[in-house]
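J.: I'd like to ask some things about the structure below.
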Amino acid sequence: MLPASRLALVIPCVLALLACGGDDEGTGGGTSSGGGTGAAGGAGGAAAGGMGGAGGQSCDALSCSDCSTCATADDCMAEDAACNAVTACNAYGSCYDACNDAACVTQCATDHPDGVMPYEALISCLCGVCTTSCSINPLCMSM
């Protein structure tokens with residue numbers, strides 16, 4: 001399980017979502033009412049064929065932790081599913097979260113090579129959607 005001191009970071013929020021698996025559907029249901037609020041702007045995102053920029057903006061109005069939860073149920077759903085499909089993704093994320101230096105991160109990548117790409121894709125998506133709410137998060141600052 002994740003250390004309580006790290007829960008404010010994007011990564012632990014994501015890892016908690018990954019660990020809960022199917023329980024996200026209940027959370028997603030609550031989020032869809034919020035998504036309804038963004039629906040007027042979301043039509044423009046859908047027409048552009050993108051990831052639905054307006055949906056990301058409504059998530060970004062939340063706290064970093066809540067934005068991460070919202071984004072995994074919406075704009076970053078594919079990246080979340082891809083990470084869930086690779087066991088090493090969660091293992092790499094847990095390892096990465098415990099690191100305090102570059103040598104540790106390198107060792108995590110060596111220990112869990114199949115988790116690196118899906119994990120980084122998920123974090124990149126989350127930081128892209130939660131641009132404002134997670135702007136001071138060290139993970140997003142390095143993107």
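Labels for the structure tokens follow display order: chains A, B, ..., residues from 1 in each chain, ligands from 1.
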Can you pull out the residues contacting segment 102-110 of chain A? Cut-off 9 Å, using only C-alpha atoms, and skip same-chain residues under 6 positions away; I want them as a list of chain:residue names.
T.: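 Here the qualifying residues turn out to be A:Ala91, A:Tyr92, A:Gly93, A:Cys95, A:Tyr96, A:Val116.
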J.: Next, write the just-selected residues to a file, as a compact mmCIF listing (two decimals), in the first residue's frame, keeping N, CA, C and O atoms as the atom set.
T.:
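Listing of result-v8.txt after writing:
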# COMPACT_ATOMS: atom_id res chain seq x y z
N ALA A 91 3.79 -1.92 -10.28
CA ALA A 91 5.02 -2.19 -9.52
C ALA A 91 6.04 -1.07 -9.76
O ALA A 91 6.67 -0.59 -8.81
N TYR A 92 6.17 -0.63 -11.01
CA TYR A 92 7.09 0.47 -11.31
C TYR A 92 6.64 1.75 -10.62
O TYR A 92 7.45 2.46 -10.03
N GLY A 93 5.36 2.03 -10.66
CA GLY A 93 4.84 3.24 -10.01
C GLY A 93 5.08 3.24 -8.51
O GLY A 93 5.47 4.27 -7.94
N CYS A 95 7.43 1.60 -6.92
CA CYS A 95 8.87 1.72 -6.74
C CYS A 95 9.30 3.18 -6.96
O CYS A 95 10.01 3.76 -6.14
N TYR A 96 8.85 3.76 -8.05
CA TYR A 96 9.19 5.15 -8.41
C TYR A 96 8.77 6.11 -7.30
O TYR A 96 9.52 7.02 -6.93
N VAL A 116 7.47 0.87 -17.34
CA VAL A 116 7.92 2.25 -17.54
C VAL A 116 7.05 3.01 -18.54
O VAL A 116 6.51 4.07 -18.23
J.: DSSP on the backbone, then: every residue of segment 55-119 of chain A marked alpha helix (DSSP H), written as an MDAnalysis selection string.
T.: chainID A and resid 55:60 64:72 77:84 87:97 102:111 113:119
J.: For a test of reading the model, state the distance in Å between atom CA of Ile123 of chain A and atom CA of Asp101 of chain A, rounded to one decimal.
T.: 18.3 Å
J.: Restricting the calculation to only C-alpha atoms: of A:Leu139, A:Leu62, A:Met117, A:Ala73, which residue gets closest to Cys89 of chain A?
T.: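 The answer is A:Met117, which sits nearest to Cys89 of chain A.
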J.: Could you tell me which of A:Pro118, A:Asp75, A:Cys130, A:Pro138 comes closest to Asn100 of chain A if we count only C-alpha atoms?
T.: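 That would be A:Pro138, the residue with the smallest distance to Asn100 of chain A.
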J.: Calculate how many Å separate atom CA of Ala71 of chain A from atom CA of Ala85 of chain A, rounding to one decimal.
T.: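 Interatomic distance here is 17.8 Å.
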J.: Of the candidates A:Leu126, A:Asn137, A:Ala98, A:Asp114, which one gets nearest to Met77 of chain A if we count only C-alpha atoms?
T.: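 Under the stated criterion, the closest residue is A:Leu126.
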J.: To one decimal place, how far is atom CA of Ala88 of chain A from atom CA of Pro113 of chain A in Å?
T.: 7.4 Å
J.: Quick one: everything within 10 Å of Cys134 of chain A, counting only C-alpha atoms, minus sequence neighbours fewer than 2 positions away in the same chain. Send it as a VMD selection string.
T.: chain A and resid 8 to 10 60 62 to 65 67 to 68 126 to 132 136 to 141
J.: Those selected residues, please, written with C-alpha atoms and delivered as a compact mmCIF listing (two decimals), in the first residue's frame.
T.:
# COMPACT_ATOMS: atom_id res chain seq x y z
CA ALA A 8 -1.10 14.23 -2.10
CA LEU A 9 1.00 13.37 -5.17
CA VAL A 10 -0.49 12.36 -8.48
CA ASP A 60 -8.57 20.71 -13.63
CA LEU A 62 -10.57 20.29 -8.75
CA SER A 63 -7.69 19.59 -6.36
CA CYS A 64 -4.73 17.69 -7.82
CA SER A 65 -5.84 14.43 -6.20
CA CYS A 67 -8.37 15.92 -10.80
CA SER A 68 -6.29 12.74 -11.12
CA LEU A 126 -2.75 13.19 -15.95
CA CYS A 127 -0.34 16.11 -15.83
CA GLY A 128 -1.67 17.32 -19.19
CA VAL A 129 -5.28 17.25 -17.99
CA CYS A 130 -4.51 18.58 -14.51
CA THR A 131 -2.26 21.39 -15.73
CA THR A 132 -3.37 23.95 -13.15
CA ILE A 136 3.31 22.32 -8.27
CA ASN A 137 3.42 18.53 -8.22
CA PRO A 138 7.07 17.48 -8.75
CA LEU A 139 6.02 14.81 -11.22
CA CYS A 140 4.22 17.29 -13.42
CA MET A 141 6.90 19.93 -13.06
